[in-house]
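Participant: See run-v7.cif below, with mmCIF, N, CA and C atoms.
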data_query
loop_
_atom_site.label_atom_id
_atom_site.label_comp_id
_atom_site.auth_asym_id
_atom_site.auth_seq_id
_atom_site.Cartn_x
_atom_site.Cartn_y
_atom_site.Cartn_z
N MET Z 1 8.50 -5.86 -16.72
CA MET Z 1 7.42 -5.03 -17.17
C MET Z 1 7.82 -3.57 -16.98
N ARG Z 2 7.53 -2.74 -17.94
CA ARG Z 2 7.86 -1.32 -17.85
C ARG Z 2 6.57 -0.53 -17.68
N PHE Z 3 6.60 0.44 -16.76
CA PHE Z 3 5.44 1.25 -16.42
C PHE Z 3 5.76 2.70 -16.78
N GLN Z 4 4.91 3.33 -17.57
CA GLN Z 4 5.17 4.70 -18.00
C GLN Z 4 4.70 5.67 -16.92
N ILE Z 5 5.62 6.57 -16.47
CA ILE Z 5 5.28 7.55 -15.44
C ILE Z 5 5.36 8.98 -15.95
N GLY Z 6 5.77 9.16 -17.17
CA GLY Z 6 5.85 10.48 -17.79
C GLY Z 6 5.85 10.33 -19.29
N GLU Z 7 5.95 11.45 -19.99
CA GLU Z 7 5.91 11.39 -21.45
C GLU Z 7 7.02 10.51 -22.01
N ASN Z 8 8.24 10.71 -21.52
CA ASN Z 8 9.38 9.90 -21.97
C ASN Z 8 10.08 9.24 -20.80
N GLU Z 9 9.33 8.91 -19.77
CA GLU Z 9 9.93 8.35 -18.56
C GLU Z 9 9.26 7.02 -18.21
N TRP Z 10 10.07 6.00 -18.03
CA TRP Z 10 9.58 4.66 -17.75
C TRP Z 10 10.21 4.15 -16.46
N HIS Z 11 9.52 3.25 -15.80
CA HIS Z 11 10.01 2.66 -14.55
C HIS Z 11 9.87 1.14 -14.67
N GLU Z 12 10.93 0.43 -14.33
CA GLU Z 12 10.92 -1.03 -14.37
C GLU Z 12 10.13 -1.57 -13.18
N THR Z 13 9.15 -2.43 -13.43
CA THR Z 13 8.34 -3.01 -12.36
C THR Z 13 8.23 -4.52 -12.53
N HIS Z 14 7.81 -5.17 -11.49
CA HIS Z 14 7.65 -6.61 -11.48
C HIS Z 14 6.29 -6.94 -10.85
N LEU Z 15 5.53 -7.83 -11.48
CA LEU Z 15 4.26 -8.28 -10.93
C LEU Z 15 4.48 -9.57 -10.15
N LEU Z 16 3.90 -9.63 -8.97
CA LEU Z 16 3.96 -10.82 -8.14
C LEU Z 16 2.52 -11.28 -7.89
N TYR Z 17 2.27 -12.56 -8.01
CA TYR Z 17 0.93 -13.04 -7.69
C TYR Z 17 1.00 -14.42 -7.05
N LEU Z 18 0.06 -14.64 -6.17
CA LEU Z 18 -0.07 -15.91 -5.45
C LEU Z 18 -1.53 -16.31 -5.39
N PRO Z 19 -1.82 -17.58 -5.30
CA PRO Z 19 -3.20 -17.98 -5.07
C PRO Z 19 -3.65 -17.50 -3.68
N LYS Z 20 -4.85 -16.98 -3.60
CA LYS Z 20 -5.39 -16.51 -2.33
C LYS Z 20 -5.70 -17.72 -1.45
N ARG Z 21 -5.44 -17.59 -0.17
CA ARG Z 21 -5.72 -18.69 0.77
C ARG Z 21 -6.84 -18.27 1.71
N ASN Z 22 -7.64 -19.22 2.14
CA ASN Z 22 -8.70 -18.91 3.10
C ASN Z 22 -8.11 -18.92 4.51
N PHE Z 23 -8.95 -18.72 5.51
CA PHE Z 23 -8.45 -18.63 6.89
C PHE Z 23 -7.83 -19.93 7.36
N GLY Z 24 -8.18 -21.05 6.75
CA GLY Z 24 -7.59 -22.33 7.11
C GLY Z 24 -6.26 -22.59 6.42
N GLY Z 25 -5.83 -21.67 5.56
CA GLY Z 25 -4.57 -21.83 4.85
C GLY Z 25 -4.69 -22.60 3.55
N GLU Z 26 -5.91 -22.98 3.18
CA GLU Z 26 -6.12 -23.74 1.95
C GLU Z 26 -6.30 -22.79 0.78
N ILE Z 27 -5.79 -23.17 -0.39
CA ILE Z 27 -5.90 -22.34 -1.59
C ILE Z 27 -7.35 -22.33 -2.07
N GLU Z 28 -7.87 -21.11 -2.35
CA GLU Z 28 -9.24 -20.98 -2.84
C GLU Z 28 -9.26 -21.27 -4.34
N GLU Z 29 -10.36 -21.82 -4.81
CA GLU Z 29 -10.51 -22.18 -6.22
C GLU Z 29 -11.05 -21.01 -7.02
N GLY Z 30 -10.72 -20.97 -8.32
CA GLY Z 30 -11.27 -19.95 -9.21
C GLY Z 30 -10.21 -18.98 -9.69
N HIS Z 31 -10.40 -18.45 -10.89
CA HIS Z 31 -9.40 -17.56 -11.49
C HIS Z 31 -9.32 -16.21 -10.80
N GLU Z 32 -10.38 -15.77 -10.11
CA GLU Z 32 -10.37 -14.46 -9.46
C GLU Z 32 -9.79 -14.52 -8.06
N ARG Z 33 -9.24 -15.63 -7.70
CA ARG Z 33 -8.75 -15.85 -6.34
C ARG Z 33 -7.23 -15.69 -6.22
N TYR Z 34 -6.70 -14.60 -6.76
CA TYR Z 34 -5.26 -14.36 -6.68
C TYR Z 34 -4.99 -13.03 -5.99
N VAL Z 35 -3.88 -12.99 -5.28
CA VAL Z 35 -3.39 -11.76 -4.68
C VAL Z 35 -2.29 -11.26 -5.59
N VAL Z 36 -2.40 -10.01 -6.07
CA VAL Z 36 -1.45 -9.47 -7.04
C VAL Z 36 -0.79 -8.22 -6.47
N PHE Z 37 0.52 -8.11 -6.62
CA PHE Z 37 1.30 -6.96 -6.15
C PHE Z 37 2.21 -6.48 -7.28
N MET Z 38 2.55 -5.21 -7.23
CA MET Z 38 3.53 -4.66 -8.17
C MET Z 38 4.69 -4.13 -7.33
N SER Z 39 5.90 -4.45 -7.74
CA SER Z 39 7.08 -4.05 -6.99
C SER Z 39 8.14 -3.49 -7.92
N SER Z 40 8.93 -2.57 -7.41
CA SER Z 40 10.06 -2.06 -8.19
C SER Z 40 11.32 -2.86 -7.92
N GLU Z 41 11.26 -3.76 -6.94
CA GLU Z 41 12.41 -4.59 -6.61
C GLU Z 41 12.44 -5.84 -7.47
N PRO Z 42 13.61 -6.26 -7.92
CA PRO Z 42 13.70 -7.53 -8.66
C PRO Z 42 13.27 -8.69 -7.77
N VAL Z 43 12.60 -9.65 -8.34
CA VAL Z 43 12.09 -10.79 -7.59
C VAL Z 43 13.12 -11.91 -7.61
N SER Z 44 13.54 -12.31 -6.43
CA SER Z 44 14.44 -13.46 -6.32
C SER Z 44 14.03 -14.23 -5.08
N GLY Z 45 13.82 -15.49 -5.24
CA GLY Z 45 13.39 -16.30 -4.11
C GLY Z 45 11.87 -16.44 -4.06
N PRO Z 46 11.37 -17.01 -2.96
CA PRO Z 46 9.93 -17.26 -2.87
C PRO Z 46 9.12 -15.95 -2.80
N VAL Z 47 8.00 -15.96 -3.49
CA VAL Z 47 7.14 -14.78 -3.55
C VAL Z 47 6.47 -14.53 -2.20
N GLU Z 48 6.29 -15.55 -1.40
CA GLU Z 48 5.62 -15.41 -0.10
C GLU Z 48 6.32 -14.37 0.78
N GLY Z 49 7.66 -14.29 0.71
CA GLY Z 49 8.39 -13.30 1.49
C GLY Z 49 8.02 -11.88 1.12
N TYR Z 50 7.80 -11.64 -0.17
CA TYR Z 50 7.40 -10.32 -0.63
C TYR Z 50 5.98 -10.00 -0.17
N VAL Z 51 5.12 -10.99 -0.17
CA VAL Z 51 3.75 -10.78 0.27
C VAL Z 51 3.73 -10.39 1.75
N ASN Z 52 4.58 -10.99 2.56
CA ASN Z 52 4.66 -10.63 3.97
C ASN Z 52 5.10 -9.19 4.14
N LEU Z 53 6.04 -8.72 3.31
CA LEU Z 53 6.46 -7.32 3.37
C LEU Z 53 5.30 -6.39 3.04
N TYR Z 54 4.54 -6.74 2.01
CA TYR Z 54 3.41 -5.91 1.61
C TYR Z 54 2.29 -5.92 2.64
N SER Z 55 2.13 -7.02 3.38
CA SER Z 55 1.08 -7.06 4.40
C SER Z 55 1.40 -6.06 5.50
N ASP Z 56 2.69 -5.86 5.81
CA ASP Z 56 3.07 -4.83 6.77
C ASP Z 56 2.70 -3.45 6.25
N ARG Z 57 2.92 -3.21 4.97
CA ARG Z 57 2.58 -1.94 4.36
C ARG Z 57 1.08 -1.68 4.42
N GLN Z 58 0.29 -2.74 4.28
CA GLN Z 58 -1.16 -2.58 4.32
C GLN Z 58 -1.60 -2.07 5.68
N GLU Z 59 -0.98 -2.53 6.75
CA GLU Z 59 -1.31 -2.05 8.09
C GLU Z 59 -1.02 -0.56 8.22
N ILE Z 60 0.06 -0.10 7.61
CA ILE Z 60 0.40 1.32 7.64
C ILE Z 60 -0.66 2.13 6.90
N GLU Z 61 -1.07 1.66 5.74
CA GLU Z 61 -2.10 2.36 4.95
C GLU Z 61 -3.42 2.45 5.70
N VAL Z 62 -3.80 1.38 6.38
CA VAL Z 62 -5.03 1.39 7.16
C VAL Z 62 -4.92 2.40 8.30
N GLY Z 63 -3.75 2.49 8.91
CA GLY Z 63 -3.52 3.47 9.98
C GLY Z 63 -3.69 4.89 9.47
N TYR Z 64 -3.13 5.21 8.29
CA TYR Z 64 -3.30 6.54 7.71
C TYR Z 64 -4.77 6.82 7.42
N LYS Z 65 -5.48 5.83 6.95
CA LYS Z 65 -6.90 6.01 6.65
C LYS Z 65 -7.67 6.36 7.93
N GLN Z 66 -7.32 5.71 9.04
CA GLN Z 66 -7.99 6.00 10.31
C GLN Z 66 -7.66 7.42 10.78
N VAL Z 67 -6.41 7.84 10.62
CA VAL Z 67 -5.99 9.19 11.05
C VAL Z 67 -6.70 10.26 10.23
N LYS Z 68 -6.93 10.00 8.95
CA LYS Z 68 -7.58 10.99 8.08
C LYS Z 68 -8.96 11.38 8.57
N ARG Z 69 -9.62 10.52 9.32
CA ARG Z 69 -10.94 10.87 9.86
C ARG Z 69 -10.85 12.07 10.80
N PHE Z 70 -9.70 12.29 11.43
CA PHE Z 70 -9.53 13.37 12.39
C PHE Z 70 -8.91 14.62 11.77
N MET Z 71 -8.56 14.57 10.50
CA MET Z 71 -7.89 15.71 9.86
C MET Z 71 -8.89 16.78 9.45
N ALA Z 72 -8.48 18.04 9.61
CA ALA Z 72 -9.27 19.17 9.14
C ALA Z 72 -9.19 19.23 7.61
N LYS Z 73 -10.28 19.56 6.99
CA LYS Z 73 -10.30 19.69 5.53
C LYS Z 73 -9.67 21.02 5.13
N THR Z 74 -8.79 21.00 4.13
CA THR Z 74 -8.14 22.22 3.68
C THR Z 74 -7.77 22.09 2.20
N THR Z 75 -7.70 23.22 1.55
CA THR Z 75 -7.20 23.27 0.17
C THR Z 75 -5.89 24.04 0.12
N SER Z 76 -5.37 24.38 1.30
CA SER Z 76 -4.12 25.13 1.38
C SER Z 76 -2.95 24.33 0.81
N LYS Z 77 -2.05 25.02 0.14
CA LYS Z 77 -0.83 24.38 -0.36
C LYS Z 77 0.36 24.64 0.58
N ASN Z 78 0.09 25.29 1.71
CA ASN Z 78 1.13 25.60 2.69
C ASN Z 78 1.52 24.31 3.41
N PHE Z 79 2.77 23.88 3.21
CA PHE Z 79 3.25 22.62 3.78
C PHE Z 79 3.16 22.63 5.30
N ILE Z 80 3.53 23.72 5.93
CA ILE Z 80 3.56 23.79 7.40
C ILE Z 80 2.15 23.60 7.96
N LEU Z 81 1.16 24.27 7.35
CA LEU Z 81 -0.21 24.13 7.81
C LEU Z 81 -0.71 22.70 7.61
N ARG Z 82 -0.44 22.11 6.47
CA ARG Z 82 -0.89 20.74 6.20
C ARG Z 82 -0.20 19.74 7.14
N PHE Z 83 1.08 19.96 7.42
CA PHE Z 83 1.79 19.09 8.35
C PHE Z 83 1.21 19.22 9.76
N PHE Z 84 0.89 20.45 10.16
CA PHE Z 84 0.28 20.66 11.47
C PHE Z 84 -1.04 19.90 11.57
N TYR Z 85 -1.89 20.01 10.53
CA TYR Z 85 -3.16 19.31 10.54
C TYR Z 85 -2.95 17.80 10.66
N PHE Z 86 -1.96 17.28 9.96
CA PHE Z 86 -1.68 15.85 10.03
C PHE Z 86 -1.19 15.45 11.43
N ALA Z 87 -0.24 16.22 11.97
CA ALA Z 87 0.31 15.92 13.30
C ALA Z 87 -0.78 16.01 14.37
N PHE Z 88 -1.64 17.01 14.26
CA PHE Z 88 -2.73 17.18 15.22
C PHE Z 88 -3.73 16.02 15.10
N ALA Z 89 -4.02 15.58 13.88
CA ALA Z 89 -4.91 14.45 13.67
C ALA Z 89 -4.31 13.17 14.28
N CYS Z 90 -2.99 12.99 14.15
CA CYS Z 90 -2.32 11.83 14.78
C CYS Z 90 -2.47 11.87 16.29
N LEU Z 91 -2.36 13.07 16.86
CA LEU Z 91 -2.52 13.24 18.30
C LEU Z 91 -3.95 12.90 18.72
N LEU Z 92 -4.92 13.42 18.00
CA LEU Z 92 -6.32 13.12 18.32
C LEU Z 92 -6.61 11.62 18.19
N TYR Z 93 -6.08 11.01 17.15
CA TYR Z 93 -6.28 9.58 16.95
C TYR Z 93 -5.69 8.78 18.11
N SER Z 94 -4.54 9.21 18.60
CA SER Z 94 -3.87 8.50 19.69
C SER Z 94 -4.63 8.60 21.00
N LEU Z 95 -5.38 9.68 21.15
CA LEU Z 95 -6.16 9.84 22.39
C LEU Z 95 -7.33 8.89 22.39
#
As a first step, turn the structure in this file into C-alpha cells.
Facilitator:
Amino acid sequence: MRFQIGENEWHETHLLYLPKRNFGGEIEEGHERYVVFMSSEPVSGPVEGYVNLYSDRQEIEVGYKQVKRFMAKTTSKNFILRFFYFAFACLLYSL
C-alpha cells in the first residue's frame, strides 16, 4: 500500500490486522473486533510479533500523554524553551 505524504511524495506502508482477543485470550466475534496497525516495515513472519512491538510503543505514547499534563502552555517556536518545558514537565511527573 502506498501512502501519500506530499504532492509528489509517496511512502510504502503495510497494514497489519488481527482479531481482537478478550482478557481470557479468546477471539471476540464481529467485524468491528480487529486490531489494525500500519507499518513501514515489510511484514514477514507472524503478525503477533509486530503487535507486541506496537504494544510497547503504546506505553510510550501514554507516558507522553501523562507528562503533557505538567507542561506549560506556549506558542513559542524557540526549540530551547520548548525543550526546557518538556524536560521540566518530565521532572515534575517523576516527582
Participant: List as a ChimeraX atom specification the protein and nucleic acid residues near Ala72 of chain Z, meaning an atom at most 12 Å away when only C-alpha atoms are counted, but skip any in the same chain fewer than 3 places from it.
Facilitator: /Z:67-69,75-76,81-90,92
Participant: With a distance cut-off of 6.5 Å and only N, CA and C atoms, select the neighbouring residues of Phe37 of chain Z, excluding the residue or stretch itself and same-chain residues fewer than 5 positions from it, and output the selection as a ChimeraX atom specification.
Facilitator: /Z:14-17
Participant: Mind pulling up the distance from atom CA of Gln4 of chain Z to atom CA of Leu18 of chain Z?
Facilitator: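 Separation of atom CA of Leu18 of chain Z and atom CA of Gln4 of chain Z: 24.7 Å.
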Participant: For Glu41 of chain Z, which residue among Z:Lys77, Z:Met71, Z:Glu12, Z:Gln58 is the nearest when counting all atoms listed in the file?
Facilitator: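 Among the listed residues, Z:Glu12 lies closest to Glu41 of chain Z.
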Participant: May I ask for the distance between atom N of Val43 of chain Z and atom CA of Glu61 of chain Z, given in Å to one decimal place?
Facilitator: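 Interatomic distance, atom N of Val43 of chain Z to atom CA of Glu61 of chain Z: 23.2 Å.
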Participant: So, counting only C-alpha atoms, which residue among Z:Gln66, Z:Thr13, Z:Asn52, Z:Asn78 is closest to Ser40 of chain Z?
Facilitator: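 Residue with the minimum atom-to-atom distance to Ser40 of chain Z: Z:Thr13.
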Participant: Based on the backbone DSSP call, show me all residues of chain Z assigned strand (DSSP E), as a PyMOL selection string.
Facilitator: chain Z and resi 2-4+10-12+14-19+34-39
Participant: With N, CA and C atoms retained, could you export that selection as a tab-separated table (two decimals), in the frame of the given file?
Facilitator:
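Output below, filename result.tsv:
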chain	number	residue	atom	x	y	z
Z	2	ARG	N	7.53	-2.74	-17.94
Z	2	ARG	CA	7.86	-1.32	-17.85
Z	2	ARG	C	6.57	-0.53	-17.68
Z	3	PHE	N	6.60	0.44	-16.76
Z	3	PHE	CA	5.44	1.25	-16.42
Z	3	PHE	C	5.76	2.70	-16.78
Z	4	GLN	N	4.91	3.33	-17.57
Z	4	GLN	CA	5.17	4.70	-18.00
Z	4	GLN	C	4.70	5.67	-16.92
Z	10	TRP	N	10.07	6.00	-18.03
Z	10	TRP	CA	9.58	4.66	-17.75
Z	10	TRP	C	10.21	4.15	-16.46
Z	11	HIS	N	9.52	3.25	-15.80
Z	11	HIS	CA	10.01	2.66	-14.55
Z	11	HIS	C	9.87	1.14	-14.67
Z	12	GLU	N	10.93	0.43	-14.33
Z	12	GLU	CA	10.92	-1.03	-14.37
Z	12	GLU	C	10.13	-1.57	-13.18
Z	14	HIS	N	7.81	-5.17	-11.49
Z	14	HIS	CA	7.65	-6.61	-11.48
Z	14	HIS	C	6.29	-6.94	-10.85
Z	15	LEU	N	5.53	-7.83	-11.48
Z	15	LEU	CA	4.26	-8.28	-10.93
Z	15	LEU	C	4.48	-9.57	-10.15
Z	16	LEU	N	3.90	-9.63	-8.97
Z	16	LEU	CA	3.96	-10.82	-8.14
Z	16	LEU	C	2.52	-11.28	-7.89
Z	17	TYR	N	2.27	-12.56	-8.01
Z	17	TYR	CA	0.93	-13.04	-7.69
Z	17	TYR	C	1.00	-14.42	-7.05
Z	18	LEU	N	0.06	-14.64	-6.17
Z	18	LEU	CA	-0.07	-15.91	-5.45
Z	18	LEU	C	-1.53	-16.31	-5.39
Z	19	PRO	N	-1.82	-17.58	-5.30
Z	19	PRO	CA	-3.20	-17.98	-5.07
Z	19	PRO	C	-3.65	-17.50	-3.68
Z	34	TYR	N	-6.70	-14.60	-6.76
Z	34	TYR	CA	-5.26	-14.36	-6.68
Z	34	TYR	C	-4.99	-13.03	-5.99
Z	35	VAL	N	-3.88	-12.99	-5.28
Z	35	VAL	CA	-3.39	-11.76	-4.68
Z	35	VAL	C	-2.29	-11.26	-5.59
Z	36	VAL	N	-2.40	-10.01	-6.07
Z	36	VAL	CA	-1.45	-9.47	-7.04
Z	36	VAL	C	-0.79	-8.22	-6.47
Z	37	PHE	N	0.52	-8.11	-6.62
Z	37	PHE	CA	1.30	-6.96	-6.15
Z	37	PHE	C	2.21	-6.48	-7.28
Z	38	MET	N	2.55	-5.21	-7.23
Z	38	MET	CA	3.53	-4.66	-8.17
Z	38	MET	C	4.69	-4.13	-7.33
Z	39	SER	N	5.90	-4.45	-7.74
Z	39	SER	CA	7.08	-4.05	-6.99
Z	39	SER	C	8.14	-3.49	-7.92
Participant: Between Z:Ser94, Z:Val62, Z:Val36, Z:Glu29, which one has atoms that come closest to Glu48 of chain Z, using only C-alpha atoms?
Facilitator: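 Using only C-alpha atoms, the shortest distance to Glu48 of chain Z belongs to Z:Val36.
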